[in-house]
file run06.txt (compact mmCIF, C-alpha atoms and all ligand atoms)
# COMPACT_ATOMS: atom_id res chain seq x y z
CA MET A 1 0.00 0.00 0.00
CA ARG A 2 1.28 3.48 -0.91
CA HIS A 3 0.51 6.94 0.50
CA LEU A 4 1.23 10.49 -0.69
CA ILE A 5 2.49 12.41 2.33
CA GLU A 6 5.31 14.41 0.76
CA PRO A 7 6.31 14.97 -2.88
CA ALA A 8 9.28 12.56 -2.68
CA ASP A 9 6.90 9.66 -1.95
CA PHE A 10 6.55 9.32 -5.72
CA SER A 11 9.61 8.67 -7.87
CA ASP A 12 10.30 10.91 -10.85
CA ALA A 13 8.85 8.24 -13.17
CA GLU A 14 5.72 7.85 -11.02
CA THR A 15 5.22 11.62 -10.89
CA LEU A 16 5.48 11.82 -14.66
CA ALA A 17 3.02 8.93 -15.01
CA VAL A 18 0.47 10.72 -12.75
CA LEU A 19 0.84 13.91 -14.83
CA ASN A 20 0.39 11.94 -18.05
CA LEU A 21 -2.69 10.19 -16.66
CA ALA A 22 -4.17 13.56 -15.61
CA ASP A 23 -3.54 14.87 -19.14
CA ARG A 24 -5.38 11.86 -20.63
CA ILE A 25 -8.29 12.36 -18.21
CA SER A 26 -8.49 16.06 -19.11
CA VAL A 27 -9.07 15.31 -22.81
CA ASN A 28 -11.65 12.57 -22.25
CA PRO A 29 -13.07 12.65 -18.69
CA SER A 30 -16.12 10.56 -19.57
CA ALA A 31 -13.88 7.54 -20.31
CA TYR A 32 -13.09 7.46 -16.56
CA ALA A 33 -16.66 7.82 -15.27
CA HIS A 34 -16.87 4.29 -13.79
CA VAL A 35 -13.26 3.55 -12.92
CA ALA A 36 -13.88 3.80 -9.16
CA ASP A 37 -17.45 2.49 -8.98
CA GLY A 38 -18.17 1.44 -5.39
CA LYS A 39 -15.03 3.08 -3.93
CA VAL A 40 -15.33 5.53 -1.03
CA LEU A 41 -13.08 8.55 -0.34
CA ALA A 42 -13.02 10.01 3.19
CA THR A 43 -12.15 13.70 3.49
CA LEU A 44 -10.82 14.37 7.00
CA PHE A 45 -10.33 18.14 7.05
CA TYR A 46 -9.31 19.58 10.41
CA GLU A 47 -8.62 22.94 8.74
CA PRO A 48 -10.67 25.05 6.27
CA SER A 49 -10.53 24.40 2.53
CA THR A 50 -12.52 25.17 -0.59
CA ARG A 51 -10.52 23.81 -3.53
CA THR A 52 -8.76 20.82 -2.06
CA ARG A 53 -11.70 19.22 -0.27
CA LEU A 54 -14.24 19.93 -3.00
CA SER A 55 -11.91 18.82 -5.80
CA PHE A 56 -11.11 15.54 -4.02
CA GLU A 57 -14.84 14.98 -3.59
CA SER A 58 -15.60 16.00 -7.17
CA ALA A 59 -12.78 13.78 -8.45
CA THR A 60 -14.22 10.77 -6.63
CA LEU A 61 -17.72 11.47 -7.94
CA HIS A 62 -16.36 11.88 -11.50
CA LEU A 63 -14.76 8.41 -11.16
CA GLY A 64 -18.03 6.83 -10.05
CA GLY A 65 -17.17 6.64 -6.34
CA ARG A 66 -18.73 8.17 -3.23
CA THR A 67 -17.49 10.38 -0.42
CA LEU A 68 -17.90 10.94 3.31
CA GLY A 69 -16.06 13.03 5.86
CA PHE A 70 -15.94 16.21 7.86
CA SER A 71 -14.83 19.73 7.01
CA GLY A 72 -13.77 20.98 10.44
CA ALA A 73 -12.24 19.41 13.56
CA GLU A 74 -15.24 20.65 15.55
CA GLN A 75 -17.51 18.28 13.57
CA SER A 76 -15.48 15.24 14.63
CA SER A 77 -14.62 13.36 17.83
CA ALA A 78 -11.31 15.26 17.87
CA THR A 79 -13.27 17.65 20.12
CA LYS A 80 -13.60 14.76 22.61
CA GLY A 81 -9.88 14.08 22.48
CA GLU A 82 -9.74 11.34 19.85
CA THR A 83 -6.27 11.03 18.33
CA VAL A 84 -5.40 11.18 14.64
CA ALA A 85 -4.11 7.58 14.95
CA ASP A 86 -7.45 6.28 16.24
CA THR A 87 -9.39 8.32 13.70
CA ALA A 88 -7.31 6.81 10.89
CA ARG A 89 -7.98 3.28 12.18
CA VAL A 90 -11.72 3.98 12.48
CA VAL A 91 -12.09 5.57 9.04
CA SER A 92 -10.24 2.63 7.49
CA CYS A 93 -13.37 0.58 8.31
CA TYR A 94 -15.60 2.95 6.35
CA ALA A 95 -13.61 4.08 3.30
CA ASP A 96 -11.05 2.96 0.71
CA ILE A 97 -8.83 6.08 0.73
CA ILE A 98 -8.33 9.14 2.96
CA ALA A 99 -7.53 12.75 2.06
CA MET A 100 -6.47 14.55 5.26
CA ARG A 101 -5.75 18.21 6.00
CA HIS A 102 -4.48 19.12 9.44
CA PRO A 103 -2.97 22.27 11.01
CA LYS A 104 -0.23 20.18 12.68
CA GLU A 105 2.79 19.29 10.57
CA GLY A 106 3.19 15.52 10.37
CA ALA A 107 -0.44 14.63 11.22
CA PRO A 108 -1.13 12.92 7.84
CA LEU A 109 2.15 10.98 8.19
CA LEU A 110 1.00 9.74 11.58
CA ALA A 111 -2.39 8.82 10.10
CA SER A 112 -0.67 6.81 7.35
CA ARG A 113 1.11 4.68 9.97
CA TYR A 114 -2.20 3.60 11.53
CA ALA A 115 -4.53 3.55 8.52
CA ALA A 116 -5.27 0.32 6.66
CA ILE A 117 -5.95 2.34 3.49
CA PRO A 118 -3.95 4.90 1.44
CA VAL A 119 -3.63 8.39 2.95
CA ILE A 120 -3.12 11.59 0.94
CA ASN A 121 -1.71 14.63 2.71
CA ALA A 122 -4.07 17.44 1.68
CA GLY A 123 -1.95 20.04 3.52
CA ASP A 124 -0.24 19.81 6.93
CA GLY A 125 0.40 23.13 8.61
CA GLY A 126 3.17 25.10 6.91
CA HIS A 127 4.89 21.89 5.78
CA ASN A 128 3.71 20.15 2.58
CA HIS A 129 0.83 20.03 0.09
CA PRO A 130 1.93 17.37 -2.41
CA SER A 131 -1.29 17.07 -4.44
CA GLN A 132 -1.14 20.85 -5.07
CA THR A 133 2.42 20.27 -6.32
CA LEU A 134 1.18 17.84 -8.96
CA ILE A 135 -1.35 20.48 -10.06
CA ASP A 136 1.39 23.10 -10.25
CA LEU A 137 3.65 20.78 -12.28
CA MET A 138 0.82 19.95 -14.68
CA THR A 139 0.09 23.66 -15.18
CA ILE A 140 3.75 24.65 -15.66
CA ARG A 141 4.26 21.83 -18.16
CA GLN A 142 1.15 22.91 -20.10
CA ARG A 143 2.29 26.54 -20.22
CA LYS A 144 6.05 26.12 -20.72
CA GLY A 145 6.26 22.66 -22.33
CA ARG A 146 8.91 21.54 -19.83
CA LEU A 147 9.80 21.34 -16.13
CA ASP A 148 13.55 21.94 -16.51
CA HIS A 149 15.81 24.93 -17.23
CA LEU A 150 13.28 27.37 -15.77
CA THR A 151 13.78 30.48 -13.66
CA VAL A 152 10.90 30.27 -11.18
CA GLY A 153 10.02 33.22 -8.97
CA PHE A 154 8.24 32.47 -5.70
CA CYS A 155 6.75 35.58 -4.11
CA GLY A 156 5.07 36.29 -0.76
CA ASP A 157 4.91 34.12 2.34
CA LEU A 158 7.67 31.62 1.68
CA LYS A 159 8.05 30.73 5.35
CA PHE A 160 4.60 29.24 5.93
CA GLY A 161 3.75 28.52 2.28
CA ARG A 162 3.49 24.74 2.17
CA THR A 163 2.73 24.78 -1.56
CA VAL A 164 6.09 26.51 -2.12
CA HIS A 165 8.01 24.00 0.01
CA SER A 166 6.46 21.07 -1.85
CA LEU A 167 6.90 22.53 -5.34
CA VAL A 168 10.56 23.39 -4.71
CA ASN A 169 11.06 19.83 -3.44
CA ARG A 170 9.85 18.55 -6.83
CA LEU A 171 11.40 21.13 -9.17
CA VAL A 172 14.93 20.60 -7.80
CA ARG A 173 14.82 17.17 -9.41
CA TYR A 174 14.77 18.63 -12.94
CA PRO A 175 18.06 19.98 -14.34
CA GLY A 176 18.87 23.64 -14.81
CA ASN A 177 16.20 25.18 -12.61
CA HIS A 178 16.90 28.45 -10.78
CA PHE A 179 14.71 29.82 -7.98
CA CYS A 180 14.23 33.48 -7.17
CA PHE A 181 12.68 33.69 -3.69
CA ILE A 182 10.98 37.07 -3.27
CA SER A 183 9.84 37.78 0.28
CA PRO A 184 10.27 40.12 3.22
CA GLU A 185 13.01 39.15 5.66
CA GLU A 186 10.50 37.67 8.14
CA LEU A 187 8.87 35.36 5.57
CA ARG A 188 11.94 33.82 3.95
CA VAL A 189 12.11 30.14 2.95
CA PRO A 190 12.71 28.02 6.09
CA GLY A 191 16.24 26.85 6.79
CA TYR A 192 15.28 23.19 6.47
CA VAL A 193 14.11 23.70 2.87
CA ILE A 194 17.45 25.31 2.03
CA GLU A 195 19.56 22.73 3.85
CA ASP A 196 17.62 19.54 3.08
CA THR A 197 16.23 20.31 -0.38
CA LEU A 198 18.14 23.10 -2.14
CA VAL A 199 21.76 22.68 -1.05
CA PRO A 200 21.98 18.93 -1.89
CA SER A 201 20.46 19.58 -5.34
CA SER A 202 21.97 21.01 -8.52
CA ALA A 203 19.43 23.87 -8.52
CA THR A 204 20.60 27.42 -7.86
CA PHE A 205 18.69 30.05 -5.89
CA GLU A 206 18.73 33.63 -4.66
CA GLU A 207 16.75 35.40 -1.92
CA VAL A 208 15.57 38.94 -2.71
CA THR A 209 12.97 41.42 -1.46
CA ASN A 210 12.04 43.44 -4.56
CA LEU A 211 9.33 42.07 -6.87
CA GLU A 212 9.49 44.58 -9.75
CA GLU A 213 13.26 44.30 -10.25
CA ASN A 214 13.07 40.54 -10.63
CA LEU A 215 9.96 40.13 -12.80
CA PRO A 216 11.67 40.46 -16.24
CA LYS A 217 13.91 37.44 -15.81
CA LEU A 218 11.24 34.95 -14.69
CA ASP A 219 9.95 32.02 -16.77
CA VAL A 220 7.27 31.27 -14.15
CA LEU A 221 5.88 33.48 -11.36
CA TYR A 222 4.32 31.72 -8.35
CA MET A 223 2.47 34.18 -6.09
CA THR A 224 1.35 33.27 -2.56
CA ARG A 225 -0.87 34.73 0.15
CA VAL A 226 0.48 36.00 3.46
CA GLN A 227 -1.22 33.45 5.70
CA LYS A 228 -3.01 35.12 8.57
CA GLU A 229 -3.82 31.79 10.25
CA ARG A 230 -0.13 30.93 10.74
CA PHE A 231 0.87 34.16 12.50
CA PHE A 232 1.16 34.23 16.29
CA ASN A 233 1.02 38.03 16.32
CA GLU A 234 -1.69 40.03 14.49
CA GLU A 235 0.50 43.13 14.43
CA ASP A 236 3.10 41.28 12.31
CA TYR A 237 0.40 40.01 9.97
CA LEU A 238 -1.07 43.49 9.45
CA ARG A 239 2.40 44.90 8.75
CA LEU A 240 3.25 42.26 6.13
CA LYS A 241 -0.05 41.36 4.49
CA GLY A 242 -0.12 43.91 1.66
CA ILE A 243 3.59 43.85 0.95
CA TYR A 244 3.34 42.52 -2.63
CA THR A 245 0.55 43.19 -5.12
CA LEU A 246 0.74 42.05 -8.71
CA ASP A 247 -1.25 44.50 -10.85
CA ALA A 248 -1.51 45.47 -14.53
CA GLU A 249 1.46 47.84 -14.28
CA LYS A 250 3.76 45.16 -12.89
CA MET A 251 2.50 42.61 -15.44
CA LYS A 252 4.13 44.82 -18.12
CA LEU A 253 7.50 43.81 -16.65
CA LEU A 254 6.85 40.07 -17.14
CA GLN A 255 7.77 38.25 -20.34
CA PRO A 256 4.81 37.64 -22.70
CA ASP A 257 4.89 33.87 -22.06
CA THR A 258 5.50 33.86 -18.30
CA PRO A 259 2.53 32.28 -16.53
CA VAL A 260 1.35 33.56 -13.16
CA LEU A 261 0.45 30.75 -10.78
CA HIS A 262 -1.17 30.97 -7.34
CA PRO A 263 -2.55 28.04 -5.33
CA LEU A 264 -5.45 30.28 -4.16
CA PRO A 265 -7.20 31.56 -2.13
CA ARG A 266 -5.88 35.04 -2.89
CA VAL A 267 -6.48 38.11 -0.78
CA ASP A 268 -4.87 41.20 -2.30
CA GLU A 269 -1.62 39.89 -3.76
CA ILE A 270 -3.07 39.55 -7.29
CA ALA A 271 -5.34 42.35 -8.50
CA MET A 272 -8.52 41.14 -10.19
CA GLU A 273 -7.71 43.37 -13.19
CA ILE A 274 -5.20 40.77 -14.42
CA ASP A 275 -7.57 37.80 -14.31
CA GLN A 276 -8.27 38.22 -18.05
CA ASP A 277 -4.56 38.38 -18.93
CA PRO A 278 -3.65 35.18 -20.85
CA ARG A 279 -0.69 34.71 -18.49
CA ALA A 280 -2.98 34.35 -15.46
CA ALA A 281 -2.91 30.59 -14.84
CA TYR A 282 -4.48 30.29 -11.39
CA PHE A 283 -7.96 29.28 -12.51
CA THR A 284 -6.37 26.77 -14.89
CA GLN A 285 -4.68 25.32 -11.78
CA VAL A 286 -8.13 24.98 -10.19
CA GLN A 287 -9.43 23.05 -13.23
CA ASN A 288 -6.30 20.90 -13.32
CA GLY A 289 -6.93 20.09 -9.65
CA LEU A 290 -9.88 17.95 -10.64
CA TYR A 291 -7.88 15.94 -13.21
CA ILE A 292 -4.84 15.53 -10.96
CA ARG A 293 -6.95 14.31 -8.04
CA MET A 294 -8.82 11.87 -10.30
CA ALA A 295 -5.41 10.55 -11.42
CA LEU A 296 -4.12 10.42 -7.85
CA ILE A 297 -7.11 8.51 -6.52
CA MET A 298 -6.81 5.99 -9.37
CA THR A 299 -3.07 5.69 -8.71
CA LEU A 300 -3.29 5.01 -4.97
CA LEU A 301 -6.26 2.66 -5.36
CA GLY A 302 -4.31 0.69 -7.97
CA LEU A 303 -6.96 1.23 -10.65
CA ALA A 304 -5.93 0.72 -14.27
CA ASP A 305 -6.43 3.42 -16.89
CA PRO A 306 -9.34 2.17 -19.06
CA VAL A 307 -7.77 3.88 -22.10
CA THR A 308 -4.27 2.35 -21.88
CA GLY A 309 -4.89 -0.59 -19.52
CA GLU A 310 -1.89 0.57 -17.45
CA LYS A 311 -1.47 1.27 -13.72
CA VAL A 312 0.77 4.11 -12.50
CA LEU A 313 2.18 2.19 -9.53
CA THR A 314 3.75 -1.19 -10.08
CA CYS A 315 4.84 -1.72 -6.47
N1 LIG B 1 -5.00 25.53 -2.88
C1 LIG B 1 -5.63 25.16 -1.74
O1 LIG B 1 -5.12 24.34 -0.95
O2 LIG B 1 -6.86 25.75 -1.55
P1 LIG B 1 -7.84 25.44 -0.35
O3 LIG B 1 -7.18 25.92 0.93
O4 LIG B 1 -9.12 26.17 -0.64
O5 LIG B 1 -8.05 23.95 -0.28

call {"tool": "encode", "arguments": {"input": "run06.txt", "output": "structure tokens", "more": "lines below"}}
Ligand code: CP
result
Amino acid sequence: MRHLIEPADFSDAETLAVLNLADRISVNPSAYAHVADGKVLATLFYEPSTRTRLSFESATLHLGGRTLGFSGAEQSSATKGETVADTARVVSCYADIIAMRHPKEGAPLLASRYAAIPVINAGDGGHNHPSQTLIDLMTIRQRKGRLDHLTVGFCGDLKFGRTVHSLVNRLVRYPGNHFCFISPEELRVPGYVIEDTLVPSSATFEEVTNLEENLPKLDVLYMTRVQKERFFNEEDYLRLKGIYTLDAEKMKLLQPDTPVLHPLPRVDEIAMEIDQDPRAAYFTQVQNGLYIRMALIMTLLGLADPVTGEKVLTC
């Protein structure tokens, strides 16, 4: 049995196979309408979500399966003191696969050690969000035609931004990538990402504070929200929250084929006036989320692609 807790849980070949499966689903979704007939996905969300929970549920329904779960810790027996380990054991009796979001880093990993069914980390604190990473890779590949030799700018809250940590973890595996980390001093990429992920890789990186100066050189721009829920001090949040805003003026500094990604939700870091710009890729990411999560559920349940007859995971 396999889980997806962090991006490295899939090999490079397996990651590519999931992306290829998602591409095939995107061109002919109806061919996959009964792949998971009778299967049940449990969404255990101890933290708020719109896209991730609903897209996992929609993905299951589009595959012919069913869903159950909760969308807040207060709706579960966590309020009575039940542990994540016990919850994972219990839900294993009711479902075939779990998607779990939790504010505590490592909670989905713990769940995977006690569950009798595959567990997907749907976001753990400021740590990882590996299914979002697959969406981001799919979108970058669609827009740029490759995942290597890219200068990728990450802008905003790089300290708590789990989507950034996970995407960097994956992109370092492709040759020739350079990262431009754009953030205020207080929201820089955590030391463990630099030491454990960046330094051992062949990727190069720089840490800067100015957005405008760095826009012209980027092949991909990945914007992020300053995450109010992760701050201990409201004063710090209020001081930092509006620090970067991408608007029509700044878009003039970007190359004509540089896509703008954002995992969403956004607050004020991307002005709505650029939503119609062809480089705005964040709603494409949302659509790709459905196809990636269909592919991921099929992968972890060991379901063969009805079009090719192949399974992504062979072990
Ligand atoms: N991208 C993402 O994780 O969005 P939600 O928080 O709405 O799930």

call {"tool": "residues_near_ligand", "arguments": {"input": "run06.txt", "ligand": "ligand LIG 1 (chain B)", "cutoff": "9 Å", "atoms": "only C-alpha atoms and all ligand atoms", "output": "PyMOL selection string"}}
result
chain A and resi 47-55+101+122-123+129+131-132+163+262-265+285-286+289

call {"tool": "atom_distance", "arguments": {"input": "run06.txt", "atom1": "CA of Asn128 (chain A)", "atom2": "CA of Glu212 (chain A)"}}
result
28.0 Å

call {"tool": "closest_atom_pairs", "arguments": {"input": "run06.txt", "of": "region 118-225 of chain A", "to": "region 266-272 of chain A", "cutoff": "12 Å", "atoms": "only C-alpha atoms", "output": "tab-separated table"}}
result
residue	atom	partner	partner_atom	distance
A:Cys155	CA	A:Glu269	CA	9.4
A:Gly156	CA	A:Glu269	CA	8.2
A:Asp157	CA	A:Glu269	CA	10.6
A:Leu211	CA	A:Glu269	CA	11.6
A:Leu221	CA	A:Ile270	CA	11.6
A:Tyr222	CA	A:Ile270	CA	10.8
A:Met223	CA	A:Glu269	CA	7.4
A:Thr224	CA	A:Glu269	CA	7.4
A:Arg225	CA	A:Arg266	CA	5.9

call {"tool": "closest_residue", "arguments": {"input": "run06.txt", "among": "A:Thr60, A:Thr314, A:Ser201, A:Thr258", "to": "Asn169 (chain A)", "atoms": "all atoms listed in the file"}}
result
A:Ser201

call {"tool": "atom_distance", "arguments": {"input": "run06.txt", "atom1": "CA of Phe181 (chain A)", "atom2": "CA of Thr133 (chain A)"}}
result
17.1 Å

call {"tool": "atom_distance", "arguments": {"input": "run06.txt", "atom1": "CA of Gly161 (chain A)", "atom2": "CA of Gly125 (chain A)"}}
result
9.0 Å

call {"tool": "residues_around", "arguments": {"input": "run06.txt", "residues": "Arg146 (chain A)", "least_positions_apart": "2", "cutoff": "12 Å", "atoms": "only C-alpha atoms", "output": "number ranges by chain"}}
result
A: 16, 137-144, 148-151, 171, 174-177, 219-220

call {"tool": "residues_around", "arguments": {"input": "run06.txt", "residues": "Glu14 (chain A)", "least_positions_apart": "3", "cutoff": "7 Å", "atoms": "all atoms listed in the file", "output": "PyMOL selection string"}}
result
chain A and resi 10-11+17-18+312-313

call {"tool": "residues_around", "arguments": {"input": "run06.txt", "residues": "Ala8 (chain A)", "least_positions_apart": "6", "cutoff": "10 Å", "atoms": "all atoms listed in the file", "output": "MDAnalysis selection string"}}
result
chainID A and resid 15 130 166 169:170 173

call {"tool": "residues_near_point", "arguments": {"input": "run06.txt", "point": "(-10.2, 4.2, 3.9)", "cutoff": "9 Å", "atoms": "only C-alpha atoms", "output": "list in words"}}
result
Val40, Leu41, Ala42, Ala88, Arg89, Val90, Val91, Ser92, Cys93, Tyr94, Ala95, Asp96, Ile97, Ile98, Ala115, Ala116, Ile117, Pro118 and Val119 of chain A

call {"tool": "residues_around", "arguments": {"input": "run06.txt", "residues": "Asn28 (chain A)", "least_positions_apart": "2", "cutoff": "12 Å", "atoms": "only C-alpha atoms", "output": "JSON, numbers by chain"}}
result
{"A": [21, 22, 23, 24, 25, 26, 30, 31, 32, 33, 62, 291, 305, 306, 307]}

call {"tool": "write_last_selection", "arguments": {"input": "run06.txt", "atoms": "C-alpha atoms", "output": "compact mmCIF listing (two decimals), in the coordinates of the input"}}
result
# COMPACT_ATOMS: atom_id res chain seq x y z
CA LEU A 21 -2.69 10.19 -16.66
CA ALA A 22 -4.17 13.56 -15.61
CA ASP A 23 -3.54 14.87 -19.14
CA ARG A 24 -5.38 11.86 -20.63
CA ILE A 25 -8.29 12.36 -18.21
CA SER A 26 -8.49 16.06 -19.11
CA SER A 30 -16.12 10.56 -19.57
CA ALA A 31 -13.88 7.54 -20.31
CA TYR A 32 -13.09 7.46 -16.56
CA ALA A 33 -16.66 7.82 -15.27
CA HIS A 62 -16.36 11.88 -11.50
CA TYR A 291 -7.88 15.94 -13.21
CA ASP A 305 -6.43 3.42 -16.89
CA PRO A 306 -9.34 2.17 -19.06
CA VAL A 307 -7.77 3.88 -22.10

call {"tool": "closest_residue", "arguments": {"input": "run06.txt", "among": "A:Thr83, A:Gln227, A:Asn288, A:Ser58", "to": "Leu110 (chain A)", "atoms": "only C-alpha atoms"}}
result
A:Thr83

call {"tool": "closest_residue", "arguments": {"input": "run06.txt", "among": "A:Ala36, A:Val27, A:Leu167, A:Leu215", "to": "Leu134 (chain A)", "atoms": "all atoms listed in the file"}}
result
A:Leu167

call {"tool": "residues_near_point", "arguments": {"input": "run06.txt", "point": "(13.3, 46.9, -1.3)", "cutoff": "12 Å", "atoms": "only C-alpha atoms", "output": "list in words"}}
result
Ile182, Ser183, Pro184, Glu185, Val208, Thr209, Asn210, Leu211, Glu212, Glu213, Asn214, Ile243 and Tyr244 of chain A

call {"tool": "axis_aligned_box", "arguments": {"input": "run06.txt", "around": "region 51-59 of chain A", "padding_each_side": "8 Å", "output": "lines of an AutoDock Vina configuration file"}}
result
center_x = -12.2
center_y = 18.8
center_z = -4.4
size_x = 22.8
size_y = 26.0
size_z = 24.2

call {"tool": "closest_residue", "arguments": {"input": "run06.txt", "among": "A:Asp37, A:Glu82, A:Glu6, A:Asp12", "to": "Thr67 (chain A)", "atoms": "only C-alpha atoms"}}
result
A:Asp37

call {"tool": "residues_around", "arguments": {"input": "run06.txt", "residues": "region 236-239 of chain A", "least_positions_apart": "6", "cutoff": "10 Å", "atoms": "all atoms listed in the file", "output": "PyMOL selection string"}}
result
chain A and resi 186+226-230

call {"tool": "build_atoms", "arguments": {"input": "run06.txt", "residues": "region 47-66 of chain A", "atoms": "N, CA, C and O atoms", "output": "PDB file, in the coordinates of the input"}}
result
ATOM      1  N   GLU A  47      -8.945  21.539   9.033  1.00  0.00           N
ATOM      2  CA  GLU A  47      -8.620  22.940   8.740  1.00  0.00           C
ATOM      3  C   GLU A  47      -9.439  23.346   7.512  1.00  0.00           C
ATOM      4  O   GLU A  47      -9.724  22.505   6.667  1.00  0.00           O
ATOM      5  N   PRO A  48      -9.811  24.646   7.385  1.00  0.00           N
ATOM      6  CA  PRO A  48     -10.670  25.050   6.270  1.00  0.00           C
ATOM      7  C   PRO A  48     -10.060  24.805   4.886  1.00  0.00           C
ATOM      8  O   PRO A  48      -8.841  24.808   4.728  1.00  0.00           O
ATOM      9  N   SER A  49     -10.945  24.611   3.925  1.00  0.00           N
ATOM     10  CA  SER A  49     -10.530  24.400   2.530  1.00  0.00           C
ATOM     11  C   SER A  49     -11.732  24.615   1.638  1.00  0.00           C
ATOM     12  O   SER A  49     -12.855  24.278   2.007  1.00  0.00           O
ATOM     13  N   THR A  50     -11.495  25.169   0.461  1.00  0.00           N
ATOM     14  CA  THR A  50     -12.520  25.170  -0.590  1.00  0.00           C
ATOM     15  C   THR A  50     -12.084  24.226  -1.699  1.00  0.00           C
ATOM     16  O   THR A  50     -12.708  23.194  -1.954  1.00  0.00           O
ATOM     17  N   ARG A  51     -10.971  24.562  -2.360  1.00  0.00           N
ATOM     18  CA  ARG A  51     -10.520  23.810  -3.530  1.00  0.00           C
ATOM     19  C   ARG A  51     -10.159  22.355  -3.230  1.00  0.00           C
ATOM     20  O   ARG A  51     -10.590  21.443  -3.925  1.00  0.00           O
ATOM     21  N   THR A  52      -9.324  22.159  -2.233  1.00  0.00           N
ATOM     22  CA  THR A  52      -8.760  20.820  -2.060  1.00  0.00           C
ATOM     23  C   THR A  52      -9.841  19.813  -1.688  1.00  0.00           C
ATOM     24  O   THR A  52      -9.955  18.748  -2.292  1.00  0.00           O
ATOM     25  N   ARG A  53     -10.657  20.176  -0.697  1.00  0.00           N
ATOM     26  CA  ARG A  53     -11.700  19.220  -0.270  1.00  0.00           C
ATOM     27  C   ARG A  53     -12.710  18.994  -1.392  1.00  0.00           C
ATOM     28  O   ARG A  53     -13.034  17.854  -1.731  1.00  0.00           O
ATOM     29  N   LEU A  54     -13.201  20.100  -1.969  1.00  0.00           N
ATOM     30  CA  LEU A  54     -14.240  19.930  -3.000  1.00  0.00           C
ATOM     31  C   LEU A  54     -13.692  19.236  -4.243  1.00  0.00           C
ATOM     32  O   LEU A  54     -14.407  18.460  -4.885  1.00  0.00           O
ATOM     33  N   SER A  55     -12.440  19.489  -4.600  1.00  0.00           N
ATOM     34  CA  SER A  55     -11.910  18.820  -5.800  1.00  0.00           C
ATOM     35  C   SER A  55     -11.644  17.336  -5.546  1.00  0.00           C
ATOM     36  O   SER A  55     -11.818  16.517  -6.455  1.00  0.00           O
ATOM     37  N   PHE A  56     -11.234  16.980  -4.318  1.00  0.00           N
ATOM     38  CA  PHE A  56     -11.110  15.540  -4.020  1.00  0.00           C
ATOM     39  C   PHE A  56     -12.488  14.878  -4.087  1.00  0.00           C
ATOM     40  O   PHE A  56     -12.625  13.759  -4.603  1.00  0.00           O
ATOM     41  N   GLU A  57     -13.495  15.565  -3.561  1.00  0.00           N
ATOM     42  CA  GLU A  57     -14.840  14.980  -3.590  1.00  0.00           C
ATOM     43  C   GLU A  57     -15.351  14.896  -5.031  1.00  0.00           C
ATOM     44  O   GLU A  57     -15.898  13.864  -5.453  1.00  0.00           O
ATOM     45  N   SER A  58     -15.156  15.987  -5.771  1.00  0.00           N
ATOM     46  CA  SER A  58     -15.600  16.000  -7.170  1.00  0.00           C
ATOM     47  C   SER A  58     -14.866  14.926  -7.982  1.00  0.00           C
ATOM     48  O   SER A  58     -15.479  14.233  -8.814  1.00  0.00           O
ATOM     49  N   ALA A  59     -13.574  14.782  -7.730  1.00  0.00           N
ATOM     50  CA  ALA A  59     -12.780  13.780  -8.450  1.00  0.00           C
ATOM     51  C   ALA A  59     -13.347  12.375  -8.209  1.00  0.00           C
ATOM     52  O   ALA A  59     -13.490  11.576  -9.140  1.00  0.00           O
ATOM     53  N   THR A  60     -13.680  12.092  -6.952  1.00  0.00           N
ATOM     54  CA  THR A  60     -14.220  10.770  -6.630  1.00  0.00           C
ATOM     55  C   THR A  60     -15.555  10.550  -7.335  1.00  0.00           C
ATOM     56  O   THR A  60     -15.812   9.479  -7.910  1.00  0.00           O
ATOM     57  N   LEU A  61     -16.409  11.584  -7.290  1.00  0.00           N
ATOM     58  CA  LEU A  61     -17.720  11.470  -7.940  1.00  0.00           C
ATOM     59  C   LEU A  61     -17.557  11.281  -9.455  1.00  0.00           C
ATOM     60  O   LEU A  61     -18.267  10.479 -10.079  1.00  0.00           O
ATOM     61  N   HIS A  62     -16.601  12.012 -10.048  1.00  0.00           N
ATOM     62  CA  HIS A  62     -16.360  11.880 -11.500  1.00  0.00           C
ATOM     63  C   HIS A  62     -15.825  10.498 -11.876  1.00  0.00           C
ATOM     64  O   HIS A  62     -15.898  10.100 -13.038  1.00  0.00           O
ATOM     65  N   LEU A  63     -15.257   9.777 -10.894  1.00  0.00           N
ATOM     66  CA  LEU A  63     -14.760   8.410 -11.160  1.00  0.00           C
ATOM     67  C   LEU A  63     -15.798   7.349 -10.836  1.00  0.00           C
ATOM     68  O   LEU A  63     -15.522   6.153 -10.939  1.00  0.00           O
ATOM     69  N   GLY A  64     -16.970   7.786 -10.378  1.00  0.00           N
ATOM     70  CA  GLY A  64     -18.030   6.830 -10.050  1.00  0.00           C
ATOM     71  C   GLY A  64     -18.069   6.428  -8.584  1.00  0.00           C
ATOM     72  O   GLY A  64     -18.891   5.590  -8.198  1.00  0.00           O
ATOM     73  N   GLY A  65     -17.198   6.998  -7.760  1.00  0.00           N
ATOM     74  CA  GLY A  65     -17.170   6.640  -6.340  1.00  0.00           C
ATOM     75  C   GLY A  65     -18.064   7.544  -5.503  1.00  0.00           C
ATOM     76  O   GLY A  65     -18.824   8.365  -6.027  1.00  0.00           O
ATOM     77  N   ARG A  66     -17.946   7.364  -4.179  1.00  0.00           N
ATOM     78  CA  ARG A  66     -18.730   8.170  -3.230  1.00  0.00           C
ATOM     79  C   ARG A  66     -17.811   8.744  -2.164  1.00  0.00           C
ATOM     80  O   ARG A  66     -16.666   8.302  -2.020  1.00  0.00           O
TER      81      ARG A  66
END
